[in-house]
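Below is data03.txt, which holds compact mmCIF, C-alpha atoms.
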```txt
# COMPACT_ATOMS: atom_id res chain seq x y z
CA MET A 1202 68.81 17.24 -27.36
CA ASP A 1203 72.26 17.09 -28.95
CA GLN A 1204 72.79 13.39 -28.20
CA LEU A 1205 69.63 12.49 -30.12
CA ILE A 1206 70.35 14.84 -33.02
CA ASP A 1207 73.86 13.42 -33.41
CA ARG A 1208 72.44 9.90 -33.43
CA ILE A 1209 69.84 10.77 -36.06
CA LYS A 1210 72.62 12.24 -38.20
CA SER A 1211 74.75 9.11 -37.91
CA ASP A 1212 72.13 6.31 -37.89
CA GLY A 1213 68.83 7.68 -39.21
CA TYR A 1214 67.99 7.12 -42.83
CA VAL A 1215 65.59 8.86 -45.14
CA GLU A 1216 63.11 6.46 -46.72
CA ASN A 1217 61.35 9.17 -48.70
CA ASP A 1218 60.48 12.88 -48.40
CA GLU A 1219 58.08 12.14 -45.52
CA ILE A 1220 59.55 9.14 -43.67
CA LEU A 1221 62.67 9.01 -41.49
CA LYS A 1222 63.66 5.53 -40.29
CA VAL A 1223 65.26 5.22 -36.86
CA ASP A 1224 65.05 1.43 -36.59
CA SER A 1225 68.53 0.90 -35.21
CA PHE A 1226 68.14 3.06 -32.08
CA ILE A 1227 64.46 3.91 -31.41
CA ASN A 1228 61.87 1.77 -33.17
CA HIS A 1229 63.19 -1.75 -33.60
CA GLN A 1230 66.50 -1.85 -31.77
CA VAL A 1231 66.31 0.53 -28.81
CA ASP A 1232 69.35 2.33 -27.41
CA VAL A 1233 68.44 2.15 -23.73
CA ASN A 1234 70.88 4.84 -22.59
CA LEU A 1235 69.61 7.25 -25.23
CA MET A 1236 66.01 6.61 -24.09
CA LEU A 1237 67.08 7.14 -20.48
CA ALA A 1238 68.64 10.49 -21.36
CA ALA A 1239 65.56 11.47 -23.38
CA GLY A 1240 63.25 10.51 -20.50
CA LYS A 1241 65.28 12.61 -18.06
CA ASP A 1242 65.22 15.59 -20.44
CA ILE A 1243 61.44 15.35 -20.92
CA ALA A 1244 60.83 14.89 -17.19
CA ASN A 1245 63.03 17.86 -16.39
CA HIS A 1246 61.07 20.07 -18.79
CA PHE A 1247 57.72 19.16 -17.20
CA LYS A 1248 58.90 18.59 -13.62
CA ASP A 1249 57.06 21.51 -12.00
CA GLN A 1250 53.71 20.86 -13.64
CA GLY A 1251 52.27 18.26 -11.28
CA ILE A 1252 52.14 15.41 -13.79
CA THR A 1253 50.32 12.37 -12.34
CA LYS A 1254 50.59 10.01 -15.32
CA VAL A 1255 52.50 9.57 -18.56
CA VAL A 1256 50.40 8.31 -21.47
CA THR A 1257 51.74 6.80 -24.67
CA ILE A 1258 50.47 4.84 -27.67
CA GLU A 1259 51.57 1.27 -28.43
CA SER A 1260 54.14 0.41 -29.37
CA SER A 1261 57.13 2.54 -30.33
CA GLY A 1262 56.31 5.31 -27.83
CA ILE A 1263 56.64 2.90 -24.91
CA SER A 1264 60.41 3.15 -24.44
CA PRO A 1265 60.69 6.95 -24.18
CA ALA A 1266 57.44 7.09 -22.19
CA LEU A 1267 58.62 4.51 -19.65
CA MET A 1268 61.86 6.42 -19.11
CA SER A 1269 59.96 9.73 -18.76
CA ALA A 1270 57.57 8.14 -16.27
CA MET A 1271 60.50 6.72 -14.30
CA ALA A 1272 62.15 10.14 -14.09
CA LEU A 1273 58.85 11.74 -13.01
CA ASP A 1274 58.10 8.81 -10.65
CA VAL A 1275 54.56 8.31 -11.99
CA PRO A 1276 52.82 5.36 -13.69
CA MET A 1277 52.73 4.99 -17.47
CA ILE A 1278 49.60 4.12 -19.42
CA VAL A 1279 49.77 2.53 -22.88
CA LEU A 1280 46.79 3.39 -25.08
CA LYS A 1281 45.84 0.31 -27.10
CA LYS A 1282 45.10 0.16 -30.81
CA GLN A 1283 42.00 -1.96 -31.41
CA PRO A 1284 40.99 -2.90 -34.94
CA SER A 1285 37.33 -2.06 -34.30
CA LYS A 1286 34.89 -0.43 -31.91
CA ILE A 1287 34.09 -2.55 -28.86
CA LEU A 1288 30.87 -1.87 -27.00
CA ASN A 1289 31.88 -2.00 -23.36
CA LYS A 1290 31.01 0.48 -20.65
CA ASP A 1291 34.50 0.10 -19.13
CA LEU A 1292 36.27 1.36 -22.26
CA LEU A 1293 36.76 4.75 -23.86
CA GLN A 1294 37.53 4.68 -27.58
CA THR A 1295 38.18 7.16 -30.37
CA GLU A 1296 38.79 6.50 -34.04
CA ILE A 1297 42.17 7.38 -35.54
CA THR A 1298 42.96 7.65 -39.23
CA SER A 1299 46.64 7.04 -39.81
CA PHE A 1300 47.75 8.77 -43.00
CA THR A 1301 51.19 7.18 -43.00
CA LYS A 1302 49.90 3.63 -42.58
CA GLU A 1303 46.59 4.18 -44.42
CA ILE A 1304 44.55 2.38 -41.76
CA ASN A 1305 41.84 3.23 -39.26
CA TYR A 1306 41.86 1.95 -35.70
CA GLU A 1307 40.24 2.61 -32.35
CA LEU A 1308 42.52 4.13 -29.72
CA THR A 1309 41.36 2.57 -26.45
CA ILE A 1310 41.69 3.06 -22.68
CA LYS A 1311 39.98 1.42 -19.73
CA ASN A 1312 38.19 4.37 -18.22
CA HIS A 1313 39.07 3.71 -14.59
CA LEU A 1314 42.79 4.27 -15.29
CA ILE A 1315 42.52 8.05 -15.68
CA ASN A 1316 40.13 10.42 -13.94
CA GLU A 1317 39.47 14.09 -13.22
CA ASN A 1318 42.32 14.21 -10.70
CA ASP A 1319 44.92 13.35 -13.33
CA HIS A 1320 47.22 15.79 -15.09
CA VAL A 1321 48.70 13.87 -17.99
CA LEU A 1322 51.84 14.12 -20.10
CA ILE A 1323 51.65 12.42 -23.51
CA VAL A 1324 54.98 10.98 -24.74
CA ASP A 1325 55.56 9.48 -28.18
CA ASP A 1326 58.42 8.78 -30.57
CA PHE A 1327 57.32 10.95 -33.53
CA MET A 1328 55.11 13.97 -34.17
CA ALA A 1329 54.03 14.09 -37.78
CA ASN A 1330 50.43 14.99 -38.71
CA GLY A 1331 49.36 14.83 -35.08
CA GLU A 1332 46.48 12.41 -35.70
CA THR A 1333 47.53 10.05 -32.90
CA ALA A 1334 48.26 12.80 -30.38
CA THR A 1335 44.95 14.49 -31.16
CA GLY A 1336 43.15 11.18 -30.59
CA ALA A 1337 44.99 10.67 -27.30
CA LEU A 1338 43.91 14.19 -26.24
CA ARG A 1339 40.26 13.33 -27.02
CA LEU A 1340 40.46 10.18 -24.89
CA ILE A 1341 42.14 11.91 -21.96
CA ARG A 1342 39.55 14.69 -22.02
CA ALA A 1343 36.73 12.16 -22.29
CA ALA A 1344 38.11 10.72 -19.03
CA HIS A 1345 37.86 14.27 -17.53
CA ALA A 1346 41.62 14.53 -16.99
CA THR A 1347 43.75 17.52 -17.97
CA VAL A 1348 46.81 17.55 -20.24
CA ALA A 1349 50.12 19.18 -19.36
CA GLY A 1350 51.57 18.77 -22.84
CA VAL A 1351 52.95 16.45 -25.46
CA ALA A 1352 56.61 15.43 -25.64
CA VAL A 1353 58.17 13.64 -28.60
CA LEU A 1354 61.63 12.49 -29.55
CA ILE A 1355 61.36 13.70 -33.14
CA GLU A 1356 59.07 16.35 -34.61
CA LYS A 1357 58.74 16.66 -38.37
CA THR A 1358 58.03 20.38 -38.48
CA PHE A 1359 57.13 20.24 -42.20
CA GLN A 1360 53.96 18.39 -41.23
CA ASN A 1361 51.17 20.05 -39.28
CA GLY A 1362 51.04 18.19 -35.94
CA SER A 1363 52.45 21.12 -34.00
CA SER A 1364 49.84 23.59 -35.26
CA LYS A 1365 47.01 21.13 -34.51
CA LEU A 1366 48.17 21.03 -30.87
CA LYS A 1367 48.72 24.80 -30.75
CA GLU A 1368 45.10 25.38 -31.85
CA GLN A 1369 44.04 23.43 -28.78
CA GLY A 1370 46.41 25.31 -26.48
CA ILE A 1371 48.63 22.26 -25.93
CA GLU A 1372 52.41 22.63 -25.63
CA LEU A 1373 54.58 20.42 -27.81
CA TYR A 1374 58.08 19.70 -26.50
CA SER A 1375 60.34 18.09 -29.13
CA LEU A 1376 63.86 16.80 -28.53
CA ALA A 1377 64.76 17.01 -32.22
CA LYS A 1378 63.05 19.07 -34.92
CA ILE A 1379 63.36 18.07 -38.54
CA LYS A 1380 62.58 20.70 -41.13
CA SER A 1381 62.92 18.62 -44.28
CA LEU A 1382 63.72 15.15 -45.58
CA LYS A 1383 63.83 16.19 -49.22
CA ASN A 1384 66.41 14.71 -51.63
CA GLY A 1385 67.43 12.08 -49.06
CA LYS A 1386 68.88 14.75 -46.74
CA ILE A 1387 67.94 15.30 -43.09
CA GLU A 1388 67.68 19.02 -42.40
CA PHE A 1389 67.20 20.05 -38.78
CA GLU A 1390 65.55 23.25 -37.54
CA ARG A 1391 68.32 25.71 -36.85
CA SER A 1392 67.00 26.61 -33.39
CA VAL A 1393 67.55 23.06 -32.15
CA SER A 1394 70.65 21.86 -33.93
CA ASN A 1395 72.48 25.18 -33.96
CA PRO A 1396 71.36 27.41 -31.10
CA PRO A 1397 72.33 31.08 -31.76
CA LEU A 1398 75.36 32.29 -29.79
CA MET B 959 59.79 -12.03 -6.73
CA ASP B 960 57.70 -11.26 -3.66
CA GLN B 961 56.87 -7.70 -4.76
CA LEU B 962 55.35 -8.99 -8.01
CA ILE B 963 53.50 -11.88 -6.34
CA ASP B 964 51.97 -9.51 -3.76
CA ARG B 965 50.86 -7.19 -6.54
CA ILE B 966 49.27 -10.02 -8.51
CA LYS B 967 47.41 -11.06 -5.36
CA SER B 968 46.08 -7.55 -4.75
CA ASP B 969 45.48 -6.25 -8.31
CA GLY B 970 45.40 -9.22 -10.71
CA TYR B 971 42.04 -10.62 -11.70
CA VAL B 972 41.05 -13.93 -13.12
CA GLU B 973 39.14 -13.60 -16.37
CA ASN B 974 38.69 -17.34 -16.83
CA ASP B 975 40.53 -20.59 -16.04
CA GLU B 976 43.27 -19.68 -18.55
CA ILE B 977 43.53 -15.88 -18.47
CA LEU B 978 44.93 -13.64 -15.72
CA LYS B 979 44.48 -9.90 -16.29
CA VAL B 980 47.21 -7.57 -15.01
CA ASP B 981 46.02 -4.44 -16.78
CA SER B 982 46.47 -2.08 -13.88
CA PHE B 983 50.19 -2.67 -13.32
CA ILE B 984 51.77 -4.51 -16.30
CA ASN B 985 49.81 -4.50 -19.56
CA HIS B 986 47.84 -1.28 -19.84
CA GLN B 987 48.87 0.86 -16.88
CA VAL B 988 52.51 0.09 -16.07
CA ASP B 989 53.94 0.37 -12.56
CA VAL B 990 57.36 1.72 -13.48
CA ASN B 991 59.00 0.94 -10.13
CA LEU B 992 57.76 -2.64 -10.25
CA MET B 993 59.17 -3.01 -13.78
CA LEU B 994 62.46 -1.49 -12.61
CA ALA B 995 62.68 -4.03 -9.76
CA ALA B 996 61.77 -6.87 -12.14
CA GLY B 997 64.40 -5.75 -14.65
CA LYS B 998 67.07 -5.65 -11.94
CA ASP B 999 66.08 -9.13 -10.72
CA ILE B 1000 66.21 -10.60 -14.24
CA ALA B 1001 69.52 -8.88 -15.01
CA ASN B 1002 71.00 -10.13 -11.75
CA HIS B 1003 70.04 -13.71 -12.58
CA PHE B 1004 71.72 -13.58 -16.01
CA LYS B 1005 74.52 -11.12 -15.22
CA ASP B 1006 77.45 -13.55 -15.63
CA GLN B 1007 76.30 -15.02 -18.93
CA GLY B 1008 77.69 -12.44 -21.34
CA ILE B 1009 74.35 -11.22 -22.66
CA THR B 1010 74.81 -8.83 -25.60
CA LYS B 1011 71.14 -8.03 -26.36
CA VAL B 1012 67.69 -8.29 -24.79
CA VAL B 1013 64.96 -9.31 -27.23
CA THR B 1014 61.23 -8.90 -26.63
CA ILE B 1015 57.99 -9.06 -28.59
CA GLU B 1016 55.74 -6.05 -29.10
CA SER B 1017 54.08 -4.73 -27.14
CA SER B 1018 53.52 -5.73 -23.50
CA GLY B 1019 56.98 -7.27 -23.09
CA ILE B 1020 58.66 -3.94 -23.85
CA SER B 1021 58.53 -2.48 -20.33
CA PRO B 1022 60.17 -5.38 -18.45
CA ALA B 1023 62.61 -5.92 -21.36
CA LEU B 1024 63.69 -2.26 -21.39
CA MET B 1025 64.36 -2.35 -17.65
CA SER B 1026 66.27 -5.64 -17.97
CA ALA B 1027 68.34 -4.21 -20.82
CA MET B 1028 69.05 -1.08 -18.77
CA ALA B 1029 70.28 -3.15 -15.82
CA LEU B 1030 72.45 -5.29 -18.15
CA ASP B 1031 73.58 -2.18 -20.07
CA VAL B 1032 72.82 -3.71 -23.49
CA PRO B 1033 70.44 -2.67 -26.31
CA MET B 1034 66.88 -4.00 -26.53
CA ILE B 1035 65.34 -5.32 -29.73
CA VAL B 1036 61.56 -5.40 -30.23
CA LEU B 1037 60.43 -8.19 -32.56
CA LYS B 1038 57.57 -6.88 -34.69
CA LYS B 1039 54.28 -8.60 -35.41
CA GLN B 1040 53.46 -8.31 -39.11
CA PRO B 1041 50.08 -9.43 -40.42
CA SER B 1042 51.63 -11.25 -43.39
CA LYS B 1043 54.84 -12.51 -44.93
CA ILE B 1044 56.94 -9.79 -46.53
CA LEU B 1045 59.45 -10.79 -49.19
CA ASN B 1046 62.50 -8.76 -48.34
CA LYS B 1047 66.08 -9.97 -48.10
CA ASP B 1048 66.70 -7.69 -45.12
CA LEU B 1049 64.03 -9.37 -42.95
CA LEU B 1050 63.81 -12.66 -41.06
CA GLN B 1051 60.27 -13.86 -40.38
CA THR B 1052 58.59 -16.82 -38.73
CA GLU B 1053 54.89 -17.60 -38.46
CA ILE B 1054 53.29 -17.65 -34.99
CA THR B 1055 49.91 -19.12 -34.17
CA SER B 1056 48.51 -17.44 -31.07
CA PHE B 1057 46.11 -19.81 -29.31
CA THR B 1058 44.88 -17.18 -26.88
CA LYS B 1059 44.13 -14.59 -29.55
CA GLU B 1060 43.28 -17.09 -32.30
CA ILE B 1061 45.33 -15.28 -34.92
CA ASN B 1062 48.40 -15.96 -37.04
CA TYR B 1063 51.10 -13.40 -37.58
CA GLU B 1064 54.69 -13.15 -38.79
CA LEU B 1065 57.26 -12.38 -36.09
CA THR B 1066 59.83 -10.18 -37.81
CA ILE B 1067 63.35 -8.86 -37.31
CA LYS B 1068 65.69 -6.93 -39.57
CA ASN B 1069 68.51 -9.40 -39.96
CA HIS B 1070 71.38 -6.98 -39.48
CA LEU B 1071 70.33 -6.31 -35.86
CA ILE B 1072 71.48 -9.68 -34.48
CA ASN B 1073 74.38 -11.81 -35.67
CA GLU B 1074 76.57 -14.76 -34.71
CA ASN B 1075 78.41 -12.70 -32.10
CA ASP B 1076 75.23 -12.11 -30.08
CA HIS B 1077 74.16 -13.99 -26.96
CA VAL B 1078 70.55 -13.05 -26.43
CA LEU B 1079 68.17 -12.94 -23.45
CA ILE B 1080 64.46 -13.06 -24.35
CA VAL B 1081 62.21 -11.12 -21.93
CA ASP B 1082 58.41 -11.12 -22.01
CA ASP B 1083 55.48 -10.48 -19.70
CA PHE B 1084 53.83 -13.94 -19.78
CA MET B 1085 54.81 -17.52 -20.51
CA ALA B 1086 51.76 -19.57 -21.41
CA ASN B 1087 51.91 -22.08 -24.29
CA GLY B 1088 55.31 -20.81 -25.35
CA GLU B 1089 54.33 -20.22 -28.95
CA THR B 1090 55.77 -16.69 -29.04
CA ALA B 1091 58.99 -17.58 -27.21
CA THR B 1092 59.52 -20.57 -29.50
CA GLY B 1093 59.06 -18.33 -32.52
CA ALA B 1094 61.52 -15.80 -31.09
CA LEU B 1095 64.03 -18.64 -30.60
CA ARG B 1096 63.62 -19.68 -34.25
CA LEU B 1097 64.31 -16.12 -35.41
CA ILE B 1098 67.35 -15.67 -33.17
CA ARG B 1099 68.82 -18.96 -34.37
CA ALA B 1100 68.09 -18.08 -37.98
CA ALA B 1101 70.24 -14.99 -37.35
CA HIS B 1102 73.01 -17.36 -36.08
CA ALA B 1103 72.95 -15.89 -32.56
CA THR B 1104 72.84 -17.95 -29.35
CA VAL B 1105 70.25 -17.75 -26.56
CA ALA B 1106 71.10 -17.45 -22.87
CA GLY B 1107 67.53 -18.03 -21.72
CA VAL B 1108 64.02 -16.69 -21.45
CA ALA B 1109 62.82 -14.51 -18.55
CA VAL B 1110 59.17 -13.70 -17.89
CA LEU B 1111 57.27 -11.83 -15.24
CA ILE B 1112 54.52 -14.46 -14.95
CA GLU B 1113 54.61 -18.13 -15.91
CA LYS B 1114 51.40 -20.12 -16.05
CA THR B 1115 52.85 -23.50 -15.12
CA PHE B 1116 49.58 -25.28 -15.97
CA GLN B 1117 50.30 -24.54 -19.63
CA ASN B 1118 53.20 -26.17 -21.47
CA GLY B 1119 55.54 -23.27 -22.39
CA SER B 1120 58.16 -24.33 -19.88
CA SER B 1121 58.43 -27.90 -21.19
CA LYS B 1122 58.65 -26.65 -24.79
CA LEU B 1123 61.71 -24.59 -23.81
CA LYS B 1124 63.19 -27.42 -21.72
CA GLU B 1125 63.04 -29.76 -24.74
CA GLN B 1126 65.25 -27.25 -26.54
CA GLY B 1127 67.64 -26.91 -23.61
CA ILE B 1128 66.59 -23.33 -22.89
CA GLU B 1129 66.34 -22.03 -19.31
CA LEU B 1130 63.13 -20.32 -18.27
CA TYR B 1131 63.42 -17.82 -15.41
CA SER B 1132 60.02 -16.75 -14.05
CA LEU B 1133 59.47 -14.08 -11.41
CA ALA B 1134 56.03 -15.47 -10.47
CA LYS B 1135 54.70 -18.97 -11.15
CA ILE B 1136 50.97 -19.56 -11.28
CA LYS B 1137 49.76 -23.11 -10.85
CA SER B 1138 46.04 -22.61 -11.39
CA LEU B 1139 43.40 -19.99 -12.14
CA LYS B 1140 40.47 -22.35 -11.57
CA ASN B 1141 37.29 -21.17 -9.87
CA GLY B 1142 38.39 -17.54 -10.06
CA LYS B 1143 41.26 -18.17 -7.65
CA ILE B 1144 44.97 -17.45 -8.27
CA GLU B 1145 47.06 -20.32 -6.93
CA PHE B 1146 50.82 -19.81 -6.94
CA GLU B 1147 53.45 -22.54 -7.08
CA ARG B 1148 54.51 -23.19 -3.51
CA SER B 1149 58.22 -22.95 -4.33
CA VAL B 1150 57.86 -19.33 -5.33
CA SER B 1151 55.19 -17.94 -3.06
CA ASN B 1152 56.07 -19.99 0.03
CA PRO B 1153 59.70 -21.01 -0.02
CA PRO B 1154 60.37 -23.91 2.40
CA LEU B 1155 61.91 -22.87 5.71
```

Reformat the file's structure so that it appears as structure tokens.
Amino acid sequence: MDQLIDRIKSDGYVENDEILKVDSFINHQVDVNLMLAAGKDIANHFKDQGITKVVTIESSGISPALMSAMALDVPMIVLKKQPSKILNKDLLQTEITSFTKEINYELTIKNHLINENDHVLIVDDFMANGETATGALRLIRAAHATVAGVAVLIEKTFQNGSSKLKEQGIELYSLAKIKSLKNGKIEFERSVSNPPL
Amino acid sequence: MDQLIDRIKSDGYVENDEILKVDSFINHQVDVNLMLAAGKDIANHFKDQGITKVVTIESSGISPALMSAMALDVPMIVLKKQPSKILNKDLLQTEITSFTKEINYELTIKNHLINENDHVLIVDDFMANGETATGALRLIRAAHATVAGVAVLIEKTFQNGSSKLKEQGIELYSLAKIKSLKNGKIEFERSVSNPPL
């Protein structure tokens, strides 16, 4: 999505070779109109797939997920991050190891919120190593629902999230694809930033 | 707001005398159309006050805040909860003691996101003891911005958040006011649920 790529170019900053900060328009301050446009784009891509719910992970996926859910006219579900396993028959949980934040947590959903009649779209801000998305997939499948795909604002294609999803037959739809953050420079995948004529 | 009050009556449940759970439409699963209506209502109430930014606290205030910001056509800022004080000249922090969750955390904002030219509306899901809203006010003032008011989906009027704000001269706008949760029963303030004829 050109609008997002232009914004990353102007306001994103490279913290190191792995981390891109987008605090001024996605993660801390949120540009509402940009999220609205992103939600419409994501919804348009998945509009014929019979999505019943949009699922995201707290907290920086909420804004694009809410806008996607609005455009698809379906509810949004926010998967919660719990510090530890809770024994409760009403909850589904799966452990996530976050490489970037070097912590473990339990991704959690109340199990009556999704069932075998649901066809779910996962929306998040970033796709990096895919650990969160893979955990969300486990939870959704444990609830006997099916998954239409995963949509993210920004994919870091130099990490392996995309191939983890591909192995499971899950489509990844990314509005901006970043090939490299080396030497403080944001390099986009040519196919997204410069479509061939 | 009648639509919200009706939904609380049908889908809210009383966990104990202090806690109302709204997991199926606000906090875990989010009814996007309800949030859209709430955002429009909040924006309409504050529309002539020159709001420049909507501020909320991660994570369950994000949905109503995003919709309010959309209706006001201003950016949203999500105040972050950090586990501990971080020494960094680019951050403003203030300690919050959460009575309900029995934890302390540092409410955090990057200080270039708000300045003396901003007139801020705080939006959150609940107003209970007002500890979070009071902390948000401290941060916004530390950034030299002014505050138009605080808007919440649900105010528990039997707790003292409202009077804490009143002491500081801050308006609280609540879409639903709950007077009591005693004996498993949700009792609304008459003025909201049953306006006089």

| Near region 1103-1105 of chain B, counting only C-alpha atoms, which residues have an atom at most 6 Å away, once you skip same-chain residues fewer than 4 positions from it, shown as a PyMOL selection string? | chain B and resi 1073-1074+1076-1078+1098-1099

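Residue nearest chain B within the list A:Val1233, A:Val1215, A:Ile1243, A:Leu1221: A:Val1233 [criterion: smallest interatomic distance, only C-alpha atoms].
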
| request: Compute the chain B side of the contact with chain A at 9 Å, counting all atoms listed in the file, and hand it back as number ranges by chain. | output: B: 981-983, 985-991, 994, 1013, 1016-1018, 1020-1021, 1024-1025, 1027-1028, 1031-1038, 1067-1068, 1071

| request: For the point (46.2, -25.8, -14.6) in the file's frame, write as a VMD selection string all residues with an atom no more than 6 Å away, counting all atoms listed in the file. | output: chain B and resid 1116 1137 to 1138

| What does the distance between CA of Phe1389 (chain A) and CA of Ala1239 (chain A) come to in Å, to one decimal place? | 17.7 Å

| field | Nearby residues (only C-alpha atoms) at most 8 Å from Thr1092 (chain B), same-chain spacing under 3 positions excluded, as a ChimeraX atom specification | value | /B:1088-1089,1095-1096,1122-1123

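Overlay of chain B onto chain A (least squares, all Cα atoms, paired in order); RMSD 0.0 Å.
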
| Residues within 12 Å of Gly1119 (chain B), all atoms listed in the file, excluding chain neighbours under 6 positions, as a ChimeraX atom specification | /B:1084-1093,1108,1110,1112-1113,1125-1126,1128-1132

| request: Would you mind telling me which residue in A:Thr1309, A:Gln1250, A:Ser1285, A:Asn1217 lies nearest to Gly1350 (chain A) when using all atoms listed in the file? | output: A:Gln1250

Starting from the block above, write region 1288-1305 of chain A out to a file with N, CA, C and O atoms, as a PDB file, in the first residue's frame, please.
```pdb
ATOM      1  N   LEU A1288      -5.299 -22.301  35.014  1.00  0.00           N
ATOM      2  CA  LEU A1288      -6.125 -23.497  34.855  1.00  0.00           C
ATOM      3  C   LEU A1288      -7.588 -23.093  34.956  1.00  0.00           C
ATOM      4  O   LEU A1288      -8.082 -22.721  36.015  1.00  0.00           O
ATOM      5  N   ASN A1289      -8.265 -23.145  33.831  1.00  0.00           N
ATOM      6  CA  ASN A1289      -9.655 -22.700  33.783  1.00  0.00           C
ATOM      7  C   ASN A1289     -10.271 -23.330  32.538  1.00  0.00           C
ATOM      8  O   ASN A1289      -9.783 -23.125  31.431  1.00  0.00           O
ATOM      9  N   LYS A1290     -11.325 -24.065  32.716  1.00  0.00           N
ATOM     10  CA  LYS A1290     -11.910 -24.792  31.582  1.00  0.00           C
ATOM     11  C   LYS A1290     -12.505 -23.860  30.522  1.00  0.00           C
ATOM     12  O   LYS A1290     -12.779 -24.269  29.408  1.00  0.00           O
ATOM     13  N   ASP A1291     -12.708 -22.584  30.867  1.00  0.00           N
ATOM     14  CA  ASP A1291     -13.269 -21.639  29.904  1.00  0.00           C
ATOM     15  C   ASP A1291     -12.217 -20.970  29.035  1.00  0.00           C
ATOM     16  O   ASP A1291     -12.541 -20.180  28.164  1.00  0.00           O
ATOM     17  N   LEU A1292     -10.940 -21.264  29.293  1.00  0.00           N
ATOM     18  CA  LEU A1292      -9.856 -20.599  28.558  1.00  0.00           C
ATOM     19  C   LEU A1292      -9.064 -21.573  27.700  1.00  0.00           C
ATOM     20  O   LEU A1292      -8.833 -22.717  28.087  1.00  0.00           O
ATOM     21  N   LEU A1293      -8.638 -21.084  26.525  1.00  0.00           N
ATOM     22  CA  LEU A1293      -7.628 -21.783  25.732  1.00  0.00           C
ATOM     23  C   LEU A1293      -6.347 -20.962  25.814  1.00  0.00           C
ATOM     24  O   LEU A1293      -6.387 -19.737  25.688  1.00  0.00           O
ATOM     25  N   GLN A1294      -5.228 -21.640  26.022  1.00  0.00           N
ATOM     26  CA  GLN A1294      -3.949 -20.928  26.120  1.00  0.00           C
ATOM     27  C   GLN A1294      -2.864 -21.652  25.339  1.00  0.00           C
ATOM     28  O   GLN A1294      -2.908 -22.868  25.186  1.00  0.00           O
ATOM     29  N   THR A1295      -1.889 -20.880  24.871  1.00  0.00           N
ATOM     30  CA  THR A1295      -0.721 -21.476  24.223  1.00  0.00           C
ATOM     31  C   THR A1295       0.493 -20.598  24.521  1.00  0.00           C
ATOM     32  O   THR A1295       0.392 -19.374  24.538  1.00  0.00           O
ATOM     33  N   GLU A1296       1.607 -21.233  24.788  1.00  0.00           N
ATOM     34  CA  GLU A1296       2.796 -20.471  25.177  1.00  0.00           C
ATOM     35  C   GLU A1296       3.506 -19.877  23.967  1.00  0.00           C
ATOM     36  O   GLU A1296       3.690 -20.546  22.953  1.00  0.00           O
ATOM     37  N   ILE A1297       3.902 -18.612  24.105  1.00  0.00           N
ATOM     38  CA  ILE A1297       4.633 -17.914  23.049  1.00  0.00           C
ATOM     39  C   ILE A1297       5.994 -17.498  23.591  1.00  0.00           C
ATOM     40  O   ILE A1297       6.090 -16.966  24.696  1.00  0.00           O
ATOM     41  N   THR A1298       7.018 -17.725  22.799  1.00  0.00           N
ATOM     42  CA  THR A1298       8.346 -17.207  23.131  1.00  0.00           C
ATOM     43  C   THR A1298       8.628 -16.046  22.196  1.00  0.00           C
ATOM     44  O   THR A1298       8.690 -16.224  20.982  1.00  0.00           O
ATOM     45  N   SER A1299       8.741 -14.854  22.759  1.00  0.00           N
ATOM     46  CA  SER A1299       9.025 -13.685  21.946  1.00  0.00           C
ATOM     47  C   SER A1299      10.531 -13.469  21.883  1.00  0.00           C
ATOM     48  O   SER A1299      11.171 -13.177  22.885  1.00  0.00           O
ATOM     49  N   PHE A1300      11.093 -13.624  20.684  1.00  0.00           N
ATOM     50  CA  PHE A1300      12.540 -13.455  20.534  1.00  0.00           C
ATOM     51  C   PHE A1300      12.930 -11.998  20.695  1.00  0.00           C
ATOM     52  O   PHE A1300      13.925 -11.674  21.342  1.00  0.00           O
ATOM     53  N   THR A1301      12.111 -11.102  20.132  1.00  0.00           N
ATOM     54  CA  THR A1301      12.449  -9.679  20.189  1.00  0.00           C
ATOM     55  C   THR A1301      12.414  -9.156  21.625  1.00  0.00           C
ATOM     56  O   THR A1301      13.249  -8.372  22.021  1.00  0.00           O
ATOM     57  N   LYS A1302      11.419  -9.598  22.399  1.00  0.00           N
ATOM     58  CA  LYS A1302      11.305  -9.063  23.763  1.00  0.00           C
ATOM     59  C   LYS A1302      11.912  -9.995  24.802  1.00  0.00           C
ATOM     60  O   LYS A1302      11.930  -9.681  25.993  1.00  0.00           O
ATOM     61  N   GLU A1303      12.373 -11.158  24.377  1.00  0.00           N
ATOM     62  CA  GLU A1303      13.009 -12.129  25.274  1.00  0.00           C
ATOM     63  C   GLU A1303      12.147 -12.478  26.486  1.00  0.00           C
ATOM     64  O   GLU A1303      12.628 -12.504  27.622  1.00  0.00           O
ATOM     65  N   ILE A1304      10.849 -12.694  26.225  1.00  0.00           N
ATOM     66  CA  ILE A1304       9.951 -13.123  27.302  1.00  0.00           C
ATOM     67  C   ILE A1304       9.058 -14.253  26.790  1.00  0.00           C
ATOM     68  O   ILE A1304       8.866 -14.424  25.581  1.00  0.00           O
ATOM     69  N   ASN A1305       8.532 -15.016  27.741  1.00  0.00           N
ATOM     70  CA  ASN A1305       7.495 -15.997  27.442  1.00  0.00           C
ATOM     71  C   ASN A1305       6.163 -15.503  27.998  1.00  0.00           C
ATOM     72  O   ASN A1305       6.132 -14.861  29.035  1.00  0.00           O
TER      73      ASN A1305
END
```
